[in-house]
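Undergrad: So that you have it, the file is target-v6.txt, and it contains compact mmCIF, N, CA and C atoms:
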```txt
# COMPACT_ATOMS: atom_id res chain seq x y z
N MET A 203 0.84 -1.18 0.00
CA MET A 203 0.00 0.00 0.00
C MET A 203 0.88 1.24 0.00
N SER A 204 0.70 2.10 -0.97
CA SER A 204 1.52 3.30 -1.06
C SER A 204 0.68 4.52 -0.70
N TYR A 205 1.30 5.44 -0.03
CA TYR A 205 0.64 6.67 0.37
C TYR A 205 0.99 7.77 -0.63
N PRO A 206 0.05 8.65 -0.93
CA PRO A 206 0.35 9.71 -1.90
C PRO A 206 1.36 10.70 -1.34
N THR A 207 2.22 11.16 -2.22
CA THR A 207 3.20 12.18 -1.82
C THR A 207 2.52 13.54 -1.78
N GLY A 208 3.25 14.55 -1.38
CA GLY A 208 2.68 15.89 -1.27
C GLY A 208 2.18 16.43 -2.59
N ASP A 209 2.91 16.17 -3.69
CA ASP A 209 2.49 16.67 -5.00
C ASP A 209 1.18 16.03 -5.45
N GLU A 210 1.02 14.75 -5.23
CA GLU A 210 -0.20 14.06 -5.64
C GLU A 210 -1.40 14.57 -4.84
N LYS A 211 -1.20 14.89 -3.57
CA LYS A 211 -2.29 15.42 -2.75
C LYS A 211 -2.74 16.77 -3.30
N LYS A 212 -1.79 17.62 -3.70
CA LYS A 212 -2.13 18.94 -4.24
C LYS A 212 -2.93 18.80 -5.52
N GLU A 213 -2.56 17.86 -6.38
CA GLU A 213 -3.27 17.67 -7.64
C GLU A 213 -4.71 17.25 -7.41
N THR A 214 -4.94 16.33 -6.46
CA THR A 214 -6.30 15.87 -6.21
C THR A 214 -7.14 16.98 -5.59
N ILE A 215 -6.54 17.82 -4.77
CA ILE A 215 -7.28 18.93 -4.17
C ILE A 215 -7.63 19.97 -5.22
N GLU A 216 -6.69 20.28 -6.12
CA GLU A 216 -6.94 21.28 -7.15
C GLU A 216 -8.02 20.83 -8.12
N GLU A 217 -8.12 19.54 -8.40
CA GLU A 217 -9.12 19.05 -9.35
C GLU A 217 -10.53 19.16 -8.79
N THR A 218 -10.69 19.04 -7.48
CA THR A 218 -12.03 19.03 -6.90
C THR A 218 -12.52 20.42 -6.50
N VAL A 219 -11.74 21.47 -6.76
CA VAL A 219 -12.16 22.82 -6.38
C VAL A 219 -13.30 23.26 -7.30
N GLN A 220 -14.44 23.58 -6.69
CA GLN A 220 -15.60 24.07 -7.43
C GLN A 220 -15.63 25.59 -7.32
N GLN A 221 -15.83 26.26 -8.45
CA GLN A 221 -15.85 27.71 -8.47
C GLN A 221 -17.18 28.19 -9.04
N LYS A 222 -17.60 29.36 -8.57
CA LYS A 222 -18.78 30.00 -9.16
C LYS A 222 -18.31 30.82 -10.35
N ILE A 223 -18.90 30.55 -11.49
CA ILE A 223 -18.47 31.18 -12.72
C ILE A 223 -19.66 31.90 -13.34
N ARG A 224 -19.40 33.11 -13.84
CA ARG A 224 -20.44 33.91 -14.49
C ARG A 224 -20.04 34.18 -15.93
N ILE A 225 -20.95 33.87 -16.84
CA ILE A 225 -20.75 34.16 -18.25
C ILE A 225 -21.71 35.29 -18.62
N THR A 226 -21.15 36.40 -19.12
CA THR A 226 -21.94 37.54 -19.53
C THR A 226 -21.87 37.64 -21.05
N ILE A 227 -23.03 37.63 -21.69
CA ILE A 227 -23.11 37.65 -23.15
C ILE A 227 -23.84 38.93 -23.56
N THR A 228 -23.20 39.74 -24.41
CA THR A 228 -23.82 40.98 -24.88
C THR A 228 -23.79 41.01 -26.40
N SER A 229 -24.83 41.63 -26.97
CA SER A 229 -24.90 41.74 -28.41
C SER A 229 -25.94 42.79 -28.79
N SER A 230 -25.78 43.34 -29.99
CA SER A 230 -26.80 44.25 -30.51
C SER A 230 -27.79 43.50 -31.39
N LYS A 231 -27.52 42.24 -31.69
CA LYS A 231 -28.40 41.40 -32.49
C LYS A 231 -28.99 40.32 -31.59
N LEU A 232 -30.29 40.39 -31.34
CA LEU A 232 -30.95 39.47 -30.42
C LEU A 232 -30.94 38.01 -30.89
N PRO A 233 -31.19 37.70 -32.17
CA PRO A 233 -31.16 36.28 -32.58
C PRO A 233 -29.79 35.63 -32.40
N ASN A 234 -28.72 36.38 -32.69
CA ASN A 234 -27.37 35.85 -32.49
C ASN A 234 -27.11 35.56 -31.01
N LEU A 235 -27.56 36.46 -30.15
CA LEU A 235 -27.38 36.29 -28.71
C LEU A 235 -28.13 35.06 -28.21
N GLN A 236 -29.35 34.85 -28.70
CA GLN A 236 -30.13 33.70 -28.26
C GLN A 236 -29.52 32.38 -28.73
N ARG A 237 -28.93 32.36 -29.94
CA ARG A 237 -28.28 31.15 -30.42
C ARG A 237 -27.09 30.77 -29.54
N ILE A 238 -26.30 31.75 -29.14
CA ILE A 238 -25.15 31.49 -28.28
C ILE A 238 -25.63 31.01 -26.91
N CYS A 239 -26.66 31.63 -26.37
CA CYS A 239 -27.20 31.23 -25.06
C CYS A 239 -27.68 29.79 -25.08
N THR A 240 -28.41 29.40 -26.12
CA THR A 240 -28.90 28.02 -26.18
C THR A 240 -27.76 27.03 -26.34
N GLY A 241 -26.73 27.39 -27.09
CA GLY A 241 -25.57 26.51 -27.24
C GLY A 241 -24.83 26.31 -25.93
N ILE A 242 -24.64 27.38 -25.18
CA ILE A 242 -23.96 27.29 -23.88
C ILE A 242 -24.80 26.50 -22.90
N MET A 243 -26.12 26.73 -22.89
CA MET A 243 -26.98 26.01 -21.97
C MET A 243 -27.02 24.51 -22.27
N LYS A 244 -26.97 24.14 -23.55
CA LYS A 244 -26.93 22.72 -23.90
C LYS A 244 -25.67 22.06 -23.36
N LYS A 245 -24.53 22.75 -23.49
CA LYS A 245 -23.28 22.19 -22.98
C LYS A 245 -23.29 22.09 -21.46
N LEU A 246 -23.85 23.10 -20.80
CA LEU A 246 -23.89 23.07 -19.33
C LEU A 246 -24.83 21.97 -18.83
N ASN A 247 -25.98 21.82 -19.47
CA ASN A 247 -26.92 20.77 -19.04
C ASN A 247 -26.38 19.38 -19.36
N ALA A 248 -25.60 19.23 -20.42
CA ALA A 248 -25.00 17.94 -20.74
C ALA A 248 -23.94 17.56 -19.72
N GLY A 249 -23.30 18.55 -19.12
CA GLY A 249 -22.28 18.30 -18.11
C GLY A 249 -22.83 18.11 -16.72
N ASN A 250 -24.15 18.15 -16.56
CA ASN A 250 -24.81 17.99 -15.26
C ASN A 250 -24.27 18.98 -14.22
N LEU A 251 -24.18 20.24 -14.59
CA LEU A 251 -23.71 21.27 -13.68
C LEU A 251 -24.89 22.05 -13.12
N LYS A 252 -24.68 22.64 -11.97
CA LYS A 252 -25.72 23.47 -11.34
C LYS A 252 -25.74 24.81 -12.06
N VAL A 253 -26.82 25.08 -12.81
CA VAL A 253 -26.89 26.24 -13.69
C VAL A 253 -28.01 27.17 -13.26
N ARG A 254 -27.76 28.46 -13.38
CA ARG A 254 -28.77 29.48 -13.12
C ARG A 254 -28.74 30.46 -14.29
N GLY A 255 -29.77 30.46 -15.09
CA GLY A 255 -29.81 31.39 -16.21
C GLY A 255 -30.36 30.75 -17.45
N PRO A 256 -30.32 31.39 -18.56
CA PRO A 256 -29.83 32.76 -18.80
C PRO A 256 -30.79 33.81 -18.24
N ILE A 257 -30.23 34.75 -17.53
CA ILE A 257 -30.99 35.82 -16.90
C ILE A 257 -30.96 37.03 -17.83
N PRO A 258 -32.10 37.47 -18.35
CA PRO A 258 -32.08 38.65 -19.22
C PRO A 258 -31.91 39.92 -18.39
N MET A 259 -30.91 40.69 -18.75
CA MET A 259 -30.67 41.97 -18.09
C MET A 259 -31.42 43.05 -18.86
N PRO A 260 -31.64 44.20 -18.25
CA PRO A 260 -32.36 45.27 -18.96
C PRO A 260 -31.63 45.70 -20.23
N ARG A 261 -32.40 45.93 -21.26
CA ARG A 261 -31.85 46.34 -22.55
C ARG A 261 -31.40 47.80 -22.46
N ARG A 262 -30.22 48.09 -23.03
CA ARG A 262 -29.74 49.47 -23.09
C ARG A 262 -30.09 50.05 -24.44
N ARG A 263 -30.62 51.24 -24.44
CA ARG A 263 -30.96 51.92 -25.69
C ARG A 263 -30.12 53.18 -25.80
N LEU A 264 -29.22 53.20 -26.77
CA LEU A 264 -28.39 54.36 -27.02
C LEU A 264 -29.05 55.15 -28.14
N ARG A 265 -29.43 56.38 -27.86
CA ARG A 265 -30.16 57.20 -28.83
C ARG A 265 -29.32 58.39 -29.26
N ILE A 266 -29.39 58.70 -30.55
CA ILE A 266 -28.73 59.87 -31.10
C ILE A 266 -29.75 60.62 -31.95
N THR A 267 -29.92 61.89 -31.67
CA THR A 267 -30.80 62.75 -32.45
C THR A 267 -29.95 63.78 -33.16
N THR A 268 -30.05 63.84 -34.51
CA THR A 268 -29.24 64.78 -35.29
C THR A 268 -30.15 65.64 -36.15
N ARG A 269 -29.66 66.79 -36.48
CA ARG A 269 -30.39 67.72 -37.35
C ARG A 269 -30.18 67.31 -38.79
N ARG A 270 -31.23 67.30 -39.60
CA ARG A 270 -31.12 66.90 -41.01
C ARG A 270 -30.40 67.96 -41.85
N ALA A 271 -30.77 69.20 -41.66
CA ALA A 271 -30.19 70.26 -42.48
C ALA A 271 -28.77 70.56 -42.00
N PRO A 272 -27.77 70.48 -42.88
CA PRO A 272 -26.39 70.71 -42.44
C PRO A 272 -26.09 72.17 -42.13
N CYS A 273 -26.80 73.11 -42.76
CA CYS A 273 -26.46 74.51 -42.56
C CYS A 273 -27.22 75.16 -41.41
N GLY A 274 -28.32 74.54 -40.98
CA GLY A 274 -29.09 75.10 -39.88
C GLY A 274 -30.25 75.95 -40.33
N ASN A 275 -30.35 76.24 -41.61
CA ASN A 275 -31.47 77.03 -42.12
C ASN A 275 -32.63 76.11 -42.48
N GLY A 276 -33.79 76.68 -42.66
CA GLY A 276 -34.96 75.90 -43.07
C GLY A 276 -35.72 75.36 -41.87
N THR A 277 -36.58 74.42 -42.16
CA THR A 277 -37.40 73.87 -41.09
C THR A 277 -36.56 72.96 -40.20
N GLU A 278 -36.96 72.85 -38.98
CA GLU A 278 -36.22 72.02 -38.04
C GLU A 278 -36.70 70.57 -38.16
N THR A 279 -35.95 69.77 -38.89
CA THR A 279 -36.26 68.34 -39.02
C THR A 279 -35.10 67.56 -38.43
N TYR A 280 -35.42 66.47 -37.78
CA TYR A 280 -34.42 65.69 -37.07
C TYR A 280 -34.47 64.23 -37.50
N ASP A 281 -33.32 63.58 -37.46
CA ASP A 281 -33.22 62.13 -37.62
C ASP A 281 -32.95 61.52 -36.26
N HIS A 282 -33.60 60.40 -35.99
CA HIS A 282 -33.43 59.71 -34.71
C HIS A 282 -32.82 58.34 -34.98
N TYR A 283 -31.70 58.05 -34.33
CA TYR A 283 -31.05 56.75 -34.47
C TYR A 283 -31.01 56.08 -33.10
N GLU A 284 -31.08 54.75 -33.11
CA GLU A 284 -31.12 54.02 -31.84
C GLU A 284 -30.34 52.72 -31.98
N LEU A 285 -29.53 52.41 -30.98
CA LEU A 285 -28.80 51.15 -30.92
C LEU A 285 -29.24 50.44 -29.64
N ARG A 286 -29.77 49.23 -29.79
CA ARG A 286 -30.20 48.45 -28.63
C ARG A 286 -29.14 47.41 -28.32
N ILE A 287 -28.77 47.32 -27.04
CA ILE A 287 -27.77 46.36 -26.60
C ILE A 287 -28.46 45.39 -25.63
N TYR A 288 -28.43 44.12 -25.99
CA TYR A 288 -29.06 43.06 -25.19
C TYR A 288 -27.99 42.34 -24.39
N LYS A 289 -28.37 41.86 -23.21
CA LYS A 289 -27.41 41.24 -22.31
C LYS A 289 -28.05 40.06 -21.58
N ARG A 290 -27.31 38.96 -21.47
CA ARG A 290 -27.75 37.78 -20.73
C ARG A 290 -26.62 37.36 -19.79
N VAL A 291 -27.00 36.85 -18.61
CA VAL A 291 -26.04 36.38 -17.62
C VAL A 291 -26.36 34.93 -17.28
N ILE A 292 -25.32 34.08 -17.30
CA ILE A 292 -25.45 32.67 -16.93
C ILE A 292 -24.48 32.39 -15.80
N ASP A 293 -24.98 31.90 -14.67
CA ASP A 293 -24.14 31.52 -13.53
C ASP A 293 -24.15 30.00 -13.40
N PHE A 294 -22.98 29.43 -13.10
CA PHE A 294 -22.92 27.99 -12.84
C PHE A 294 -21.76 27.69 -11.93
N VAL A 295 -21.81 26.51 -11.33
CA VAL A 295 -20.76 26.05 -10.42
C VAL A 295 -20.04 24.90 -11.11
N GLY A 296 -18.71 25.03 -11.25
CA GLY A 296 -17.93 24.00 -11.91
C GLY A 296 -16.45 24.22 -11.70
N ASP A 297 -15.66 23.32 -12.25
CA ASP A 297 -14.21 23.44 -12.14
C ASP A 297 -13.65 23.99 -13.45
N SER A 298 -12.32 24.07 -13.52
CA SER A 298 -11.69 24.69 -14.69
C SER A 298 -11.92 23.87 -15.96
N ASN A 299 -12.04 22.55 -15.84
CA ASN A 299 -12.29 21.73 -17.03
C ASN A 299 -13.65 22.01 -17.63
N SER A 300 -14.65 22.22 -16.79
CA SER A 300 -15.99 22.51 -17.31
C SER A 300 -16.02 23.87 -17.99
N VAL A 301 -15.24 24.82 -17.49
CA VAL A 301 -15.17 26.14 -18.12
C VAL A 301 -14.58 26.02 -19.51
N LYS A 302 -13.53 25.22 -19.65
CA LYS A 302 -12.91 25.03 -20.96
C LYS A 302 -13.88 24.40 -21.95
N GLN A 303 -14.65 23.43 -21.49
CA GLN A 303 -15.60 22.76 -22.39
C GLN A 303 -16.72 23.71 -22.83
N VAL A 304 -17.19 24.52 -21.91
CA VAL A 304 -18.30 25.41 -22.22
C VAL A 304 -17.86 26.54 -23.15
N THR A 305 -16.67 27.07 -22.93
CA THR A 305 -16.23 28.22 -23.71
C THR A 305 -15.74 27.84 -25.10
N GLN A 306 -15.63 26.58 -25.41
CA GLN A 306 -15.24 26.16 -26.76
C GLN A 306 -16.48 26.05 -27.63
N ILE A 307 -17.04 27.18 -27.97
CA ILE A 307 -18.25 27.23 -28.78
C ILE A 307 -18.02 28.27 -29.86
N GLY A 308 -18.57 28.02 -31.03
CA GLY A 308 -18.44 28.98 -32.13
C GLY A 308 -19.26 30.22 -31.85
N LEU A 309 -18.64 31.38 -31.99
CA LEU A 309 -19.33 32.64 -31.70
C LEU A 309 -19.95 33.22 -32.95
N GLU A 310 -21.06 33.88 -32.76
CA GLU A 310 -21.74 34.59 -33.83
C GLU A 310 -21.10 35.98 -33.98
N PRO A 311 -21.29 36.63 -35.14
CA PRO A 311 -20.78 38.00 -35.28
C PRO A 311 -21.51 38.96 -34.36
N GLU A 312 -20.79 39.94 -33.87
CA GLU A 312 -21.29 40.98 -32.97
C GLU A 312 -21.78 40.45 -31.63
N VAL A 313 -21.24 39.33 -31.18
CA VAL A 313 -21.58 38.79 -29.86
C VAL A 313 -20.32 38.79 -29.02
N HIS A 314 -20.40 39.37 -27.83
CA HIS A 314 -19.26 39.44 -26.92
C HIS A 314 -19.54 38.57 -25.70
N VAL A 315 -18.59 37.70 -25.37
CA VAL A 315 -18.74 36.78 -24.24
C VAL A 315 -17.64 37.08 -23.23
N GLU A 316 -18.04 37.26 -21.98
CA GLU A 316 -17.09 37.54 -20.90
C GLU A 316 -17.28 36.47 -19.83
N VAL A 317 -16.18 35.81 -19.46
CA VAL A 317 -16.20 34.77 -18.43
C VAL A 317 -15.47 35.30 -17.22
N SER A 318 -16.10 35.24 -16.06
CA SER A 318 -15.46 35.71 -14.83
C SER A 318 -15.76 34.74 -13.69
N VAL A 319 -14.85 34.71 -12.73
CA VAL A 319 -15.00 33.87 -11.54
C VAL A 319 -15.54 34.75 -10.42
N ILE A 320 -16.61 34.30 -9.79
CA ILE A 320 -17.24 35.06 -8.70
C ILE A 320 -16.61 34.65 -7.39
N THR A 321 -16.08 35.61 -6.68
CA THR A 321 -15.52 35.36 -5.36
C THR A 321 -16.38 36.08 -4.33
N GLU A 322 -16.59 35.42 -3.24
CA GLU A 322 -17.44 36.03 -2.20
C GLU A 322 -16.65 36.35 -0.97
```
Take the structure from the file and write it as structure tokens.
TA:
Amino acid sequence: MSYPTGDEKKETIEETVQQKIRITITSSKLPNLQRICTGIMKKLNAGNLKVRGPIPMPRRRLRITTRRAPCGNGTETYDHYELRIYKRVIDFVGDSNSVKQVTQIGLEPEVHVEVSVITE
């Protein structure tokens, strides 16, 4: 019967460390954002991890109002432009291997994914 050395003990402890991980997904295109969310959720549910989300965050609306006439003369007519930014948050508990598996997903254009570890 052999006893594990100090290095082997550290490896087994590091493998079992569970971390709270938050994935924040932002996009200006809602269908692209939903496709990424469903892909991530499928991977998380296949891994039997404790998942919370996707939580829809409030939509940000960036508005710009500009004057149509370049010289300033004439009637006052305005153009209104708007950019909507959608955001989803997914929280789950897992180790570093599960994070690697989940983040290996093909991204859609104009979709930004941020992975962070939550410490309390």
Undergrad: Considering only C-alpha atoms, state which residue in the set A:Gly308, A:Gly249, A:Gly274, A:Pro260 is at the smallest distance from Ile287 (chain A).
TA: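 Checking each candidate against Ile287 (chain A), we get A:Pro260 as the closest.
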Undergrad: If you run DSSP on the backbone, which residues of region 205-308 of chain A are strand (DSSP E or B), as a PyMOL selection string?
TA: chain A and resi 221-229+252-258+262-269+280-296
Undergrad: Around the point (-31.4, 39.2, -21.0) in the file's coordinates, collect all residues with an atom within 5 Å, using all atoms listed in the file, and return them as a short mmCIF file (atom, residue, chain, number, x, y, z; two decimals) with N, CA and C atoms, in the frame of the given file.
TA:
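Produced file selection_10.cif, reproduced below:
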```cif
data_model
loop_
_atom_site.label_atom_id
_atom_site.label_comp_id
_atom_site.auth_asym_id
_atom_site.auth_seq_id
_atom_site.Cartn_x
_atom_site.Cartn_y
_atom_site.Cartn_z
N ILE A 257 -30.23 34.75 -17.53
CA ILE A 257 -30.99 35.82 -16.90
C ILE A 257 -30.96 37.03 -17.83
N PRO A 258 -32.10 37.47 -18.35
CA PRO A 258 -32.08 38.65 -19.22
C PRO A 258 -31.91 39.92 -18.39
N MET A 259 -30.91 40.69 -18.75
CA MET A 259 -30.67 41.97 -18.09
C MET A 259 -31.42 43.05 -18.86
N LYS A 289 -28.37 41.86 -23.21
CA LYS A 289 -27.41 41.24 -22.31
C LYS A 289 -28.05 40.06 -21.58
N ARG A 290 -27.31 38.96 -21.47
CA ARG A 290 -27.75 37.78 -20.73
C ARG A 290 -26.62 37.36 -19.79
#
```
Undergrad: Would you mind listing what lies within 8 Å of Ile223 (chain A) as number ranges by chain, with only C-alpha atoms counted and same-chain residues fewer than 6 positions away left out?
TA: A: 293-296, 317-320
Undergrad: Please, what distance in Å, to one decimal, runs between atom C of Ser230 (chain A) and atom C of Leu251 (chain A)?
TA: 28.3 Å
Undergrad: Neighbours of Lys231 (chain A) within 7 Å (only N, CA and C atoms; same-chain residues fewer than 4 positions away dropped), as an mmCIF file with N, CA and C atoms, keeping the file's coordinate frame?
TA:
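Saved the output as around.cif:
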```cif
data_model
loop_
_atom_site.group_PDB
_atom_site.id
_atom_site.type_symbol
_atom_site.label_atom_id
_atom_site.label_comp_id
_atom_site.auth_asym_id
_atom_site.auth_seq_id
_atom_site.Cartn_x
_atom_site.Cartn_y
_atom_site.Cartn_z
ATOM 1 N N LEU A 235 -27.560 36.460 -30.150
ATOM 2 C CA LEU A 235 -27.380 36.290 -28.710
ATOM 3 C C LEU A 235 -28.130 35.060 -28.210
ATOM 4 N N GLN A 236 -29.350 34.850 -28.700
ATOM 5 C CA GLN A 236 -30.130 33.700 -28.260
ATOM 6 C C GLN A 236 -29.520 32.380 -28.730
ATOM 7 N N ARG A 286 -29.770 49.230 -29.790
ATOM 8 C CA ARG A 286 -30.200 48.450 -28.630
ATOM 9 C C ARG A 286 -29.140 47.410 -28.320
ATOM 10 N N ILE A 287 -28.770 47.320 -27.040
ATOM 11 C CA ILE A 287 -27.770 46.360 -26.600
ATOM 12 C C ILE A 287 -28.460 45.390 -25.630
ATOM 13 N N TYR A 288 -28.430 44.120 -25.990
ATOM 14 C CA TYR A 288 -29.060 43.060 -25.190
ATOM 15 C C TYR A 288 -27.990 42.340 -24.390
ATOM 16 N N GLU A 312 -20.790 39.940 -33.870
ATOM 17 C CA GLU A 312 -21.290 40.980 -32.970
ATOM 18 C C GLU A 312 -21.780 40.450 -31.630
ATOM 19 N N VAL A 313 -21.240 39.330 -31.180
ATOM 20 C CA VAL A 313 -21.580 38.790 -29.860
ATOM 21 C C VAL A 313 -20.320 38.790 -29.020
#
```
Undergrad: Could you work out how far atom N of His314 (chain A) lies from CA of Ile227 (chain A), giving the answer in Å with one decimal?
TA: 5.7 Å
Undergrad: Have a look at A:Arg224, A:Pro311, A:Val291, A:Thr268 and name the one nearest to Gly255 (chain A); count all atoms listed in the file.
TA: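 Of A:Arg224, A:Pro311, A:Val291, A:Thr268, the one nearest Gly255 (chain A), counting all atoms listed in the file, is A:Val291.
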Undergrad: At what distance in Å, to one decimal, does CA of Ile307 (chain A) lie from atom C of Ile292 (chain A)?
TA: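 Interatomic distance, atom C of Ile292 (chain A) to CA of Ile307 (chain A): 15.3 Å.
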Undergrad: DSSP on the backbone: what in chain A comes out alpha helix (DSSP H), as a ChimeraX atom specification?
TA: /A:208-217,232-248,298-305
Undergrad: Could you write those residues out with N, CA and C atoms, as an mmCIF file, keeping the file's coordinate frame?
TA:
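Output file selection-v7.cif is given in full below:
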```
data_model
loop_
_atom_site.group_PDB
_atom_site.id
_atom_site.type_symbol
_atom_site.label_atom_id
_atom_site.label_comp_id
_atom_site.auth_asym_id
_atom_site.auth_seq_id
_atom_site.Cartn_x
_atom_site.Cartn_y
_atom_site.Cartn_z
ATOM 1 N N GLY A 208 3.250 14.550 -1.380
ATOM 2 C CA GLY A 208 2.680 15.890 -1.270
ATOM 3 C C GLY A 208 2.180 16.430 -2.590
ATOM 4 N N ASP A 209 2.910 16.170 -3.690
ATOM 5 C CA ASP A 209 2.490 16.670 -5.000
ATOM 6 C C ASP A 209 1.180 16.030 -5.450
ATOM 7 N N GLU A 210 1.020 14.750 -5.230
ATOM 8 C CA GLU A 210 -0.200 14.060 -5.640
ATOM 9 C C GLU A 210 -1.400 14.570 -4.840
ATOM 10 N N LYS A 211 -1.200 14.890 -3.570
ATOM 11 C CA LYS A 211 -2.290 15.420 -2.750
ATOM 12 C C LYS A 211 -2.740 16.770 -3.300
ATOM 13 N N LYS A 212 -1.790 17.620 -3.700
ATOM 14 C CA LYS A 212 -2.130 18.940 -4.240
ATOM 15 C C LYS A 212 -2.930 18.800 -5.520
ATOM 16 N N GLU A 213 -2.560 17.860 -6.380
ATOM 17 C CA GLU A 213 -3.270 17.670 -7.640
ATOM 18 C C GLU A 213 -4.710 17.250 -7.410
ATOM 19 N N THR A 214 -4.940 16.330 -6.460
ATOM 20 C CA THR A 214 -6.300 15.870 -6.210
ATOM 21 C C THR A 214 -7.140 16.980 -5.590
ATOM 22 N N ILE A 215 -6.540 17.820 -4.770
ATOM 23 C CA ILE A 215 -7.280 18.930 -4.170
ATOM 24 C C ILE A 215 -7.630 19.970 -5.220
ATOM 25 N N GLU A 216 -6.690 20.280 -6.120
ATOM 26 C CA GLU A 216 -6.940 21.280 -7.150
ATOM 27 C C GLU A 216 -8.020 20.830 -8.120
ATOM 28 N N GLU A 217 -8.120 19.540 -8.400
ATOM 29 C CA GLU A 217 -9.120 19.050 -9.350
ATOM 30 C C GLU A 217 -10.530 19.160 -8.790
ATOM 31 N N LEU A 232 -30.290 40.390 -31.340
ATOM 32 C CA LEU A 232 -30.950 39.470 -30.420
ATOM 33 C C LEU A 232 -30.940 38.010 -30.890
ATOM 34 N N PRO A 233 -31.190 37.700 -32.170
ATOM 35 C CA PRO A 233 -31.160 36.280 -32.580
ATOM 36 C C PRO A 233 -29.790 35.630 -32.400
ATOM 37 N N ASN A 234 -28.720 36.380 -32.690
ATOM 38 C CA ASN A 234 -27.370 35.850 -32.490
ATOM 39 C C ASN A 234 -27.110 35.560 -31.010
ATOM 40 N N LEU A 235 -27.560 36.460 -30.150
ATOM 41 C CA LEU A 235 -27.380 36.290 -28.710
ATOM 42 C C LEU A 235 -28.130 35.060 -28.210
ATOM 43 N N GLN A 236 -29.350 34.850 -28.700
ATOM 44 C CA GLN A 236 -30.130 33.700 -28.260
ATOM 45 C C GLN A 236 -29.520 32.380 -28.730
ATOM 46 N N ARG A 237 -28.930 32.360 -29.940
ATOM 47 C CA ARG A 237 -28.280 31.150 -30.420
ATOM 48 C C ARG A 237 -27.090 30.770 -29.540
ATOM 49 N N ILE A 238 -26.300 31.750 -29.140
ATOM 50 C CA ILE A 238 -25.150 31.490 -28.280
ATOM 51 C C ILE A 238 -25.630 31.010 -26.910
ATOM 52 N N CYS A 239 -26.660 31.630 -26.370
ATOM 53 C CA CYS A 239 -27.200 31.230 -25.060
ATOM 54 C C CYS A 239 -27.680 29.790 -25.080
ATOM 55 N N THR A 240 -28.410 29.400 -26.120
ATOM 56 C CA THR A 240 -28.900 28.020 -26.180
ATOM 57 C C THR A 240 -27.760 27.030 -26.340
ATOM 58 N N GLY A 241 -26.730 27.390 -27.090
ATOM 59 C CA GLY A 241 -25.570 26.510 -27.240
ATOM 60 C C GLY A 241 -24.830 26.310 -25.930
ATOM 61 N N ILE A 242 -24.640 27.380 -25.180
ATOM 62 C CA ILE A 242 -23.960 27.290 -23.880
ATOM 63 C C ILE A 242 -24.800 26.500 -22.900
ATOM 64 N N MET A 243 -26.120 26.730 -22.890
ATOM 65 C CA MET A 243 -26.980 26.010 -21.970
ATOM 66 C C MET A 243 -27.020 24.510 -22.270
ATOM 67 N N LYS A 244 -26.970 24.140 -23.550
ATOM 68 C CA LYS A 244 -26.930 22.720 -23.900
ATOM 69 C C LYS A 244 -25.670 22.060 -23.360
ATOM 70 N N LYS A 245 -24.530 22.750 -23.490
ATOM 71 C CA LYS A 245 -23.280 22.190 -22.980
ATOM 72 C C LYS A 245 -23.290 22.090 -21.460
ATOM 73 N N LEU A 246 -23.850 23.100 -20.800
ATOM 74 C CA LEU A 246 -23.890 23.070 -19.330
ATOM 75 C C LEU A 246 -24.830 21.970 -18.830
ATOM 76 N N ASN A 247 -25.980 21.820 -19.470
ATOM 77 C CA ASN A 247 -26.920 20.770 -19.040
ATOM 78 C C ASN A 247 -26.380 19.380 -19.360
ATOM 79 N N ALA A 248 -25.600 19.230 -20.420
ATOM 80 C CA ALA A 248 -25.000 17.940 -20.740
ATOM 81 C C ALA A 248 -23.940 17.560 -19.720
ATOM 82 N N SER A 298 -12.320 24.070 -13.520
ATOM 83 C CA SER A 298 -11.690 24.690 -14.690
ATOM 84 C C SER A 298 -11.920 23.870 -15.960
ATOM 85 N N ASN A 299 -12.040 22.550 -15.840
ATOM 86 C CA ASN A 299 -12.290 21.730 -17.030
ATOM 87 C C ASN A 299 -13.650 22.010 -17.630
ATOM 88 N N SER A 300 -14.650 22.220 -16.790
ATOM 89 C CA SER A 300 -15.990 22.510 -17.310
ATOM 90 C C SER A 300 -16.020 23.870 -17.990
ATOM 91 N N VAL A 301 -15.240 24.820 -17.490
ATOM 92 C CA VAL A 301 -15.170 26.140 -18.120
ATOM 93 C C VAL A 301 -14.580 26.020 -19.510
ATOM 94 N N LYS A 302 -13.530 25.220 -19.650
ATOM 95 C CA LYS A 302 -12.910 25.030 -20.960
ATOM 96 C C LYS A 302 -13.880 24.400 -21.950
ATOM 97 N N GLN A 303 -14.650 23.430 -21.490
ATOM 98 C CA GLN A 303 -15.600 22.760 -22.390
ATOM 99 C C GLN A 303 -16.720 23.710 -22.830
ATOM 100 N N VAL A 304 -17.190 24.520 -21.910
ATOM 101 C CA VAL A 304 -18.300 25.410 -22.220
ATOM 102 C C VAL A 304 -17.860 26.540 -23.150
ATOM 103 N N THR A 305 -16.670 27.070 -22.930
ATOM 104 C CA THR A 305 -16.230 28.220 -23.710
ATOM 105 C C THR A 305 -15.740 27.840 -25.100
#
```
Undergrad: When distances are computed from only N, CA and C atoms, which of A:Ile242, A:Val304, A:Leu285, A:Val253 shows the smallest separation from Arg265 (chain A)?
TA: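 Closest candidate: A:Leu285.
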Undergrad: Select all residues near (-31.9, 60.7, -34.5) (cut-off 10 Å, inclusive, file coordinates), counting only C-alpha atoms, and output them as a VMD selection string.
TA: chain A and resid 265 to 270 279 to 284
Undergrad: Go through A:Val315, A:Ile225, A:Gln303, A:Gln220 and flag the residue nearest Lys245 (chain A), using only N, CA and C atoms for the distances.
TA: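 Comparing A:Val315, A:Ile225, A:Gln303, A:Gln220 against Lys245 (chain A), the winner is A:Gln303.
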